[in-house]
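Comments concern the structure below.
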Amino acid sequence: MIEETIVEVFAAGGCRGSLSALEIDGPGRLSVAGGELAVAASTFKVTIGLEFFCQAAEGTLDPTERVVVSPAEASLGGQGLCITEDPVEISLRDLARSMLTISDNTATDVLIRRVGIERVRARLDKLGFTGFHLPGTIQDEFDTAARDIGFTGWGAMADAMRDAASPEEGDAIWQRVLASPGMRPGRIGSGTADDLAGLIRAVWRDEAGPAEACANLRRVMGQQRLTRKIATGFGPEVTVASKSGTVPGGVSNDVGAVTFPDGRRFAVAVLTRPLTPGTPTREGVLGTAARVALEHLRVNGSHHCE
């Protein structure tokens with residue numbers, strides 16, 4: 001059975017997970033635990049990108065509007081506006097590009113405040129994707145997790161990890177974070193593989209919003225620079241546009257669209273968590289799972305397993 005094969009692929013990579021694959025231009029579908037709520041990590045940024053490009057297409061905001069982002073506004077992260085030392089002036093659409101291509105958390109939080117998380121939720125609900133849980137900004141989520149283990153916020157926790165007497169002591173703090181209620185599905189940003197793949201399919205079919213908005217989101221997702229996950233399952237002749245998500249030691253995810261040379265297109269979401277908490281998932285397993293799933297769909301068509 002194909003679902004057993006995919007579960008075995010996950011186990012061989014040191015993880016358990018869920019997968020959803022949908023033929024974009026046909027009825028093919030494969031779902032393995034696809035309705036299970038999981039921590040989305042940065043894959044949720046696709047929903048922020050969709051709302052941004054929809055509002056731009058609908059005339060609610062000007063994508064060329066320029067904003068100044070200061071280091072004092074930075075959210076936790078290791079790239080982009082998270083690590084600048086001076087104020088940066090940047091357009092809203094370039095914030096969206098930074099969010100989707102290098103997973104810039106500060107750019108994401110600026111856009112969340114600009115488009116409104118309630119409008120993101122409302123659009124998803126209208127599209128029928130009700131499995132998402134999007135509480136707010138990334139910084140708020142980080143602070144909640146830190147408070148759950150007794151710190152005043154993420155900054156105080158990060159200081160404690162930096163000042164720890166040994167690497168082991170610092171890692172012990174991180175393990176407490178991973179086990180905290182604030183890092184569980186339904187508390188932190190969460191979604192299901194079925195809804196994430198369904199959203200990608202809708203974007204690629206121009207059904208998630210104005211055609212202009214869907215085209216812009218597809219174009220920017222195609223510029224994603226982090227291609228260590230789903231894309232590793234396919235050769236250079238296959239085009240992959242995706243958005244990954246990672247919580248170190250806790251979650252490794254990827255969602256996107258895979259286009260084959262014969263023109264057949266598939267939306268795929270792979271969400272994983274380690275069998276042993278704190279142990280990184282081997283990222284290539286996401287590509288292997290996606291390849292196995294799409295090879296099955298290309299030959300056999302639909303299959304579903306909860």
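Just so we're on the same page: first chain in the structure tokens is A, next is B, and so on; residues restart at 1 for each chain, and ligands are numbered from 1 in the order they show up.
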Each residue of stretch 20-84 of chain A with at least one atom at most 9 Å from stretch 255-272 of chain A should appear once, together with its nearest atom pair and the corresponding distance in Å (one decimal); atoms considered: only C-alpha atoms; ordering: chain, then increasing residue number; output as a Markdown table.
| residue | atom | partner | partner_atom | distance |
| --- | --- | --- | --- | --- |
| A:Ser20 | CA | A:Ala269 | CA | 5.3 |
| A:Ala21 | CA | A:Val268 | CA | 4.4 |
| A:Leu22 | CA | A:Ala267 | CA | 5.1 |
| A:Glu23 | CA | A:Phe266 | CA | 4.4 |
| A:Ile24 | CA | A:Phe266 | CA | 5.1 |
| A:Asp25 | CA | A:Arg265 | CA | 6.8 |
| A:Gly26 | CA | A:Arg265 | CA | 9.0 |
| A:Gly28 | CA | A:Phe266 | CA | 8.8 |
| A:Gly34 | CA | A:Ala269 | CA | 8.7 |
| A:Ala38 | CA | A:Leu271 | CA | 7.1 |
| A:Val39 | CA | A:Leu271 | CA | 8.0 |
| A:Ala40 | CA | A:Leu271 | CA | 7.5 |
| A:Thr43 | CA | A:Val255 | CA | 6.6 |
| A:Val46 | CA | A:Val255 | CA | 9.0 |
Residues flagged strand (DSSP E) by DSSP in stretch 102-260 of chain A, as a PyMOL selection string: chain A and resi 190-191+239-247+251-259
May I have the selected residues written with N, CA and C atoms, as a JSON list (two decimals), in the first residue's frame?
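Dumped everything to out_34.json:
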[["chain", "number", "residue", "atom", "x", "y", "z"],
["A", 190, "SER", "N", -0.51, 26.77, 12.79],
["A", 190, "SER", "CA", -0.71, 25.37, 12.44],
["A", 190, "SER", "C", -1.58, 25.23, 11.20],
["A", 191, "GLY", "N", -1.53, 24.06, 10.61],
["A", 191, "GLY", "CA", -2.37, 23.77, 9.46],
["A", 191, "GLY", "C", -2.34, 22.28, 9.18],
["A", 239, "THR", "N", 10.26, 21.24, -12.42],
["A", 239, "THR", "CA", 10.23, 22.56, -11.80],
["A", 239, "THR", "C", 9.50, 22.49, -10.46],
["A", 240, "VAL", "N", 10.11, 23.03, -9.42],
["A", 240, "VAL", "CA", 9.50, 23.05, -8.08],
["A", 240, "VAL", "C", 9.46, 24.49, -7.59],
["A", 241, "ALA", "N", 8.27, 24.94, -7.21],
["A", 241, "ALA", "CA", 8.11, 26.24, -6.55],
["A", 241, "ALA", "C", 7.53, 25.97, -5.18],
["A", 242, "SER", "N", 8.22, 26.37, -4.11],
["A", 242, "SER", "CA", 7.79, 25.90, -2.79],
["A", 242, "SER", "C", 8.07, 26.92, -1.70],
["A", 243, "LYS", "N", 7.56, 26.60, -0.51],
["A", 243, "LYS", "CA", 7.88, 27.36, 0.71],
["A", 243, "LYS", "C", 8.13, 26.37, 1.81],
["A", 244, "SER", "N", 9.32, 26.43, 2.37],
["A", 244, "SER", "CA", 9.69, 25.49, 3.43],
["A", 244, "SER", "C", 9.38, 26.08, 4.80],
["A", 245, "GLY", "N", 9.52, 25.26, 5.82],
["A", 245, "GLY", "CA", 9.32, 25.70, 7.20],
["A", 245, "GLY", "C", 10.08, 24.79, 8.14],
["A", 246, "THR", "N", 10.75, 25.38, 9.12],
["A", 246, "THR", "CA", 11.58, 24.59, 10.04],
["A", 246, "THR", "C", 11.49, 25.15, 11.45],
["A", 247, "VAL", "N", 11.36, 24.27, 12.42],
["A", 247, "VAL", "CA", 11.63, 24.58, 13.82],
["A", 247, "VAL", "C", 12.77, 23.66, 14.22],
["A", 251, "VAL", "N", 10.39, 20.54, 13.79],
["A", 251, "VAL", "CA", 9.53, 20.47, 12.62],
["A", 251, "VAL", "C", 10.37, 20.69, 11.37],
["A", 252, "SER", "N", 10.08, 19.92, 10.31],
["A", 252, "SER", "CA", 10.65, 20.18, 8.99],
["A", 252, "SER", "C", 9.54, 19.97, 7.97],
["A", 253, "ASN", "N", 9.16, 21.06, 7.28],
["A", 253, "ASN", "CA", 8.02, 21.04, 6.37],
["A", 253, "ASN", "C", 8.39, 21.62, 5.02],
["A", 254, "ASP", "N", 7.57, 21.35, 4.02],
["A", 254, "ASP", "CA", 7.68, 22.01, 2.73],
["A", 254, "ASP", "C", 6.36, 21.87, 1.99],
["A", 255, "VAL", "N", 5.95, 22.92, 1.30],
["A", 255, "VAL", "CA", 4.73, 22.89, 0.49],
["A", 255, "VAL", "C", 5.03, 23.58, -0.83],
["A", 256, "GLY", "N", 4.40, 23.11, -1.90],
["A", 256, "GLY", "CA", 4.63, 23.76, -3.17],
["A", 256, "GLY", "C", 4.01, 23.03, -4.34],
["A", 257, "ALA", "N", 4.39, 23.47, -5.53],
["A", 257, "ALA", "CA", 3.89, 22.90, -6.77],
["A", 257, "ALA", "C", 5.05, 22.27, -7.54],
["A", 258, "VAL", "N", 4.80, 21.10, -8.10],
["A", 258, "VAL", "CA", 5.80, 20.34, -8.86],
["A", 258, "VAL", "C", 5.28, 20.18, -10.28],
["A", 259, "THR", "N", 6.05, 20.63, -11.26],
["A", 259, "THR", "CA", 5.65, 20.56, -12.66],
["A", 259, "THR", "C", 6.62, 19.67, -13.43]]
May I have the residues within 7 Å of stretch 116-120 of chain A as a PyMOL selection string, using only C-alpha atoms and disregarding those fewer than 3 positions away in the same chain? chain A and resi 47-48+51+112-113+123-124+136
Selected residues written out, C-alpha atoms, as a PDB file, in the first residue's frame:
ATOM      1  CA  THR A  47      -1.160  32.508   3.359  1.00  0.00           C
ATOM      2  CA  ILE A  48       0.297  35.931   4.182  1.00  0.00           C
ATOM      3  CA  GLU A  51      -3.493  37.984   1.238  1.00  0.00           C
ATOM      4  CA  ILE A 112       0.993  40.617   8.986  1.00  0.00           C
ATOM      5  CA  ARG A 113       0.463  43.966  10.712  1.00  0.00           C
ATOM      6  CA  ARG A 123     -10.006  34.704   3.048  1.00  0.00           C
ATOM      7  CA  LEU A 124      -8.929  31.168   3.955  1.00  0.00           C
ATOM      8  CA  GLY A 136      -0.713  36.463  14.914  1.00  0.00           C
TER       9      GLY A 136
END
Give the answer as one residue: which of A:Gly284, A:Gly155, A:Pro135, A:Pro236 has the shortest atom-to-atom distance to A:Ile188, using only C-alpha atoms?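 For A:Ile188, the nearest of the candidates is A:Pro135.
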Let's see if you can do this: from backbone DSSP, list all helix (DSSP H, G or I) residues in stretch 158-292 of chain A, as a ChimeraX atom specification. /A:158-162,167-178,181-183,193-204,211-221,230-233,284-292
Residues within 12 Å of A:Gln79, only C-alpha atoms, excluding chain neighbours under 6 positions, as a ChimeraX atom specification: /A:98-99,101-107
Which one of A:Asp125, A:Asp143, A:Glu283, A:Glu168 sits closest to A:Gly182 if you count only C-alpha atoms?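 Under the stated criterion, the closest residue is A:Asp143.
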Among listed residues A:Ala122, A:Leu92, A:Leu127, A:Val67, nearest A:Glu207 (using only C-alpha atoms):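 Checking each candidate against A:Glu207, we get A:Leu127 as the closest.
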Go through A:Leu50, A:Arg273, A:Ala41, A:Val9 and flag the residue nearest A:Arg219, using only C-alpha atoms for the distances.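 Residue with the minimum atom-to-atom distance to A:Arg219: A:Leu50.
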Quick one: everything within 12 Å of A:Ala156, counting only C-alpha atoms, minus sequence neighbours fewer than 3 positions away in the same chain. Send it as a PDB file with all heavy atoms, in the first residue's frame.
ATOM      1  N   PHE A 142       6.780  33.400  19.405  1.00  0.00           N
ATOM      2  CA  PHE A 142       8.032  33.126  20.114  1.00  0.00           C
ATOM      3  C   PHE A 142       7.922  33.544  21.579  1.00  0.00           C
ATOM      4  O   PHE A 142       8.347  32.813  22.490  1.00  0.00           O
ATOM      5  CB  PHE A 142       9.187  33.885  19.462  1.00  0.00           C
ATOM      6  CG  PHE A 142       9.653  33.311  18.158  1.00  0.00           C
ATOM      7  CD1 PHE A 142      10.158  34.139  17.167  1.00  0.00           C
ATOM      8  CD2 PHE A 142       9.613  31.952  17.915  1.00  0.00           C
ATOM      9  CE1 PHE A 142      10.607  33.619  15.957  1.00  0.00           C
ATOM     10  CE2 PHE A 142      10.055  31.423  16.717  1.00  0.00           C
ATOM     11  CZ  PHE A 142      10.563  32.261  15.736  1.00  0.00           C
ATOM     12  N   ASP A 143       7.374  34.721  21.818  1.00  0.00           N
ATOM     13  CA  ASP A 143       7.257  35.214  23.193  1.00  0.00           C
ATOM     14  C   ASP A 143       6.337  34.311  24.018  1.00  0.00           C
ATOM     15  O   ASP A 143       6.607  34.051  25.206  1.00  0.00           O
ATOM     16  CB  ASP A 143       6.716  36.642  23.194  1.00  0.00           C
ATOM     17  CG  ASP A 143       7.763  37.664  22.757  1.00  0.00           C
ATOM     18  OD1 ASP A 143       8.970  37.361  22.858  1.00  0.00           O
ATOM     19  OD2 ASP A 143       7.370  38.749  22.307  1.00  0.00           O
ATOM     20  N   ALA A 145       5.832  31.072  23.642  1.00  0.00           N
ATOM     21  CA  ALA A 145       6.558  29.840  23.968  1.00  0.00           C
ATOM     22  C   ALA A 145       7.553  30.075  25.103  1.00  0.00           C
ATOM     23  O   ALA A 145       7.695  29.240  26.007  1.00  0.00           O
ATOM     24  CB  ALA A 145       7.277  29.316  22.730  1.00  0.00           C
ATOM     25  N   ALA A 146       8.238  31.218  25.086  1.00  0.00           N
ATOM     26  CA  ALA A 146       9.199  31.516  26.150  1.00  0.00           C
ATOM     27  C   ALA A 146       8.501  31.714  27.489  1.00  0.00           C
ATOM     28  O   ALA A 146       8.985  31.255  28.531  1.00  0.00           O
ATOM     29  CB  ALA A 146      10.011  32.752  25.774  1.00  0.00           C
ATOM     30  N   ARG A 147       7.358  32.401  27.475  1.00  0.00           N
ATOM     31  CA  ARG A 147       6.622  32.606  28.733  1.00  0.00           C
ATOM     32  C   ARG A 147       6.105  31.287  29.285  1.00  0.00           C
ATOM     33  O   ARG A 147       6.014  31.113  30.515  1.00  0.00           O
ATOM     34  CB  ARG A 147       5.472  33.589  28.506  1.00  0.00           C
ATOM     35  CG  ARG A 147       5.934  35.038  28.361  1.00  0.00           C
ATOM     36  CD  ARG A 147       4.777  36.006  28.455  1.00  0.00           C
ATOM     37  NE  ARG A 147       3.876  35.888  27.316  1.00  0.00           N
ATOM     38  CZ  ARG A 147       3.980  36.615  26.215  1.00  0.00           C
ATOM     39  NH1 ARG A 147       4.961  37.514  26.091  1.00  0.00           N
ATOM     40  NH2 ARG A 147       3.123  36.463  25.224  1.00  0.00           N
ATOM     41  N   ILE A 149       7.633  28.615  29.526  1.00  0.00           N
ATOM     42  CA  ILE A 149       8.653  27.922  30.328  1.00  0.00           C
ATOM     43  C   ILE A 149       9.286  28.856  31.352  1.00  0.00           C
ATOM     44  O   ILE A 149      10.369  28.585  31.867  1.00  0.00           O
ATOM     45  CB  ILE A 149       9.726  27.263  29.437  1.00  0.00           C
ATOM     46  CG1 ILE A 149      10.511  28.303  28.632  1.00  0.00           C
ATOM     47  CG2 ILE A 149       9.100  26.230  28.503  1.00  0.00           C
ATOM     48  CD1 ILE A 149      11.758  27.729  27.966  1.00  0.00           C
ATOM     49  N   GLY A 150       8.594  29.979  31.648  1.00  0.00           N
ATOM     50  CA  GLY A 150       8.988  30.794  32.787  1.00  0.00           C
ATOM     51  C   GLY A 150       9.777  32.048  32.505  1.00  0.00           C
ATOM     52  O   GLY A 150      10.182  32.743  33.458  1.00  0.00           O
ATOM     53  N   PHE A 151      10.011  32.387  31.244  1.00  0.00           N
ATOM     54  CA  PHE A 151      10.739  33.607  30.923  1.00  0.00           C
ATOM     55  C   PHE A 151       9.752  34.730  30.612  1.00  0.00           C
ATOM     56  O   PHE A 151       8.591  34.496  30.312  1.00  0.00           O
ATOM     57  CB  PHE A 151      11.667  33.376  29.722  1.00  0.00           C
ATOM     58  CG  PHE A 151      12.808  32.446  30.019  1.00  0.00           C
ATOM     59  CD1 PHE A 151      12.721  31.089  29.722  1.00  0.00           C
ATOM     60  CD2 PHE A 151      13.971  32.918  30.613  1.00  0.00           C
ATOM     61  CE1 PHE A 151      13.763  30.225  30.002  1.00  0.00           C
ATOM     62  CE2 PHE A 151      15.030  32.060  30.893  1.00  0.00           C
ATOM     63  CZ  PHE A 151      14.922  30.704  30.597  1.00  0.00           C
ATOM     64  N   THR A 152      10.229  35.966  30.674  1.00  0.00           N
ATOM     65  CA  THR A 152       9.351  37.106  30.402  1.00  0.00           C
ATOM     66  C   THR A 152       9.074  37.258  28.910  1.00  0.00           C
ATOM     67  O   THR A 152       8.122  37.929  28.518  1.00  0.00           O
ATOM     68  CB  THR A 152       9.976  38.408  30.929  1.00  0.00           C
ATOM     69  OG1 THR A 152      11.275  38.588  30.340  1.00  0.00           O
ATOM     70  CG2 THR A 152      10.109  38.350  32.451  1.00  0.00           C
ATOM     71  N   GLY A 153       9.880  36.665  28.083  1.00  0.00           N
ATOM     72  CA  GLY A 153       9.706  36.727  26.643  1.00  0.00           C
ATOM     73  C   GLY A 153      10.867  36.034  25.963  1.00  0.00           C
ATOM     74  O   GLY A 153      11.791  35.527  26.618  1.00  0.00           O
ATOM     75  N   ASP A 159      18.758  35.239  25.957  1.00  0.00           N
ATOM     76  CA  ASP A 159      19.881  35.662  26.800  1.00  0.00           C
ATOM     77  C   ASP A 159      20.325  34.526  27.711  1.00  0.00           C
ATOM     78  O   ASP A 159      21.534  34.300  27.906  1.00  0.00           O
ATOM     79  CB  ASP A 159      19.473  36.865  27.645  1.00  0.00           C
ATOM     80  CG  ASP A 159      19.324  38.144  26.826  1.00  0.00           C
ATOM     81  OD1 ASP A 159      19.823  38.178  25.689  1.00  0.00           O
ATOM     82  OD2 ASP A 159      18.705  39.095  27.341  1.00  0.00           O
ATOM     83  N   ALA A 160      19.351  33.796  28.267  1.00  0.00           N
ATOM     84  CA  ALA A 160      19.683  32.683  29.164  1.00  0.00           C
ATOM     85  C   ALA A 160      20.418  31.577  28.405  1.00  0.00           C
ATOM     86  O   ALA A 160      21.360  30.974  28.927  1.00  0.00           O
ATOM     87  CB  ALA A 160      18.414  32.129  29.810  1.00  0.00           C
ATOM     88  N   MET A 161      20.013  31.319  27.168  1.00  0.00           N
ATOM     89  CA  MET A 161      20.695  30.298  26.369  1.00  0.00           C
ATOM     90  C   MET A 161      22.107  30.749  26.028  1.00  0.00           C
ATOM     91  O   MET A 161      23.059  29.964  26.109  1.00  0.00           O
ATOM     92  CB  MET A 161      19.900  30.017  25.090  1.00  0.00           C
ATOM     93  CG  MET A 161      18.588  29.298  25.324  1.00  0.00           C
ATOM     94  SD  MET A 161      17.667  28.996  23.789  1.00  0.00           S
ATOM     95  CE  MET A 161      18.769  27.840  22.946  1.00  0.00           C
ATOM     96  N   ARG A 162      22.263  32.016  25.699  1.00  0.00           N
ATOM     97  CA  ARG A 162      23.584  32.538  25.349  1.00  0.00           C
ATOM     98  C   ARG A 162      24.525  32.520  26.545  1.00  0.00           C
ATOM     99  O   ARG A 162      25.725  32.241  26.410  1.00  0.00           O
ATOM    100  CB  ARG A 162      23.450  33.963  24.821  1.00  0.00           C
ATOM    101  CG  ARG A 162      24.774  34.567  24.319  1.00  0.00           C
ATOM    102  CD  ARG A 162      24.649  36.050  24.034  1.00  0.00           C
ATOM    103  NE  ARG A 162      24.332  36.787  25.254  1.00  0.00           N
ATOM    104  CZ  ARG A 162      23.280  37.577  25.396  1.00  0.00           C
ATOM    105  NH1 ARG A 162      22.428  37.735  24.388  1.00  0.00           N
ATOM    106  NH2 ARG A 162      23.060  38.224  26.535  1.00  0.00           N
ATOM    107  N   ASP A 163      23.978  32.798  27.729  1.00  0.00           N
ATOM    108  CA  ASP A 163      24.804  32.889  28.933  1.00  0.00           C
ATOM    109  C   ASP A 163      24.894  31.566  29.692  1.00  0.00           C
ATOM    110  O   ASP A 163      25.452  31.532  30.801  1.00  0.00           O
ATOM    111  CB  ASP A 163      24.235  33.963  29.869  1.00  0.00           C
ATOM    112  CG  ASP A 163      24.259  35.353  29.234  1.00  0.00           C
ATOM    113  OD1 ASP A 163      25.084  35.578  28.323  1.00  0.00           O
ATOM    114  OD2 ASP A 163      23.446  36.198  29.649  1.00  0.00           O
ATOM    115  N   ILE A 173      17.442  24.242  27.680  1.00  0.00           N
ATOM    116  CA  ILE A 173      16.416  25.283  27.620  1.00  0.00           C
ATOM    117  C   ILE A 173      15.621  25.145  26.328  1.00  0.00           C
ATOM    118  O   ILE A 173      14.384  25.223  26.332  1.00  0.00           O
ATOM    119  CB  ILE A 173      17.060  26.684  27.706  1.00  0.00           C
ATOM    120  CG1 ILE A 173      17.724  26.871  29.066  1.00  0.00           C
ATOM    121  CG2 ILE A 173      16.009  27.779  27.468  1.00  0.00           C
ATOM    122  CD1 ILE A 173      18.513  28.169  29.194  1.00  0.00           C
TER     123      ILE A 173
END
Can you tell me, as a list in words, what residues are no more than 12 Å from A:Val299 when counting only C-alpha atoms, ignoring any on the same chain fewer than 4 positions away? Ile2, Glu23, Gly28, Arg29, Arg264, Val292, Ala293, Leu294, Glu295 and His303 of chain A
Now that the selection is made, can you save its residues with C-alpha atoms as a CSV table (one decimal), in the first residue's frame?
chain,number,residue,atom,x,y,z
A,2,ILE,CA,1.3,3.4,-0.9
A,23,GLU,CA,-3.2,16.9,-9.3
A,28,GLY,CA,-5.7,12.8,-8.7
A,29,ARG,CA,-5.3,12.9,-4.9
A,264,ARG,CA,1.4,17.6,-15.5
A,292,VAL,CA,7.1,8.4,-4.1
A,293,ALA,CA,3.7,10.1,-3.8
A,294,LEU,CA,3.8,11.7,-7.2
A,295,GLU,CA,5.1,8.6,-8.9
A,303,HIS,CA,-5.7,7.3,-2.9
Which residue out of A:Arg176, A:Arg93, A:Arg218, A:His296 has the minimum interatomic distance to A:Pro63 when only C-alpha atoms are used?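 So, comparing all the options, the nearest one is A:Arg93.
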Contacts of A:Val68 at 12 Å (only C-alpha atoms; same-chain gap of 4+ positions) as a PyMOL selection string: chain A and resi 72-74+81+86-92+95+106-107+110
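Counting only C-alpha atoms and comparing A:Ile83, A:Ile138, A:Ile6, A:Leu275, the residue that lies closest to A:Met183 is A:Ile138.
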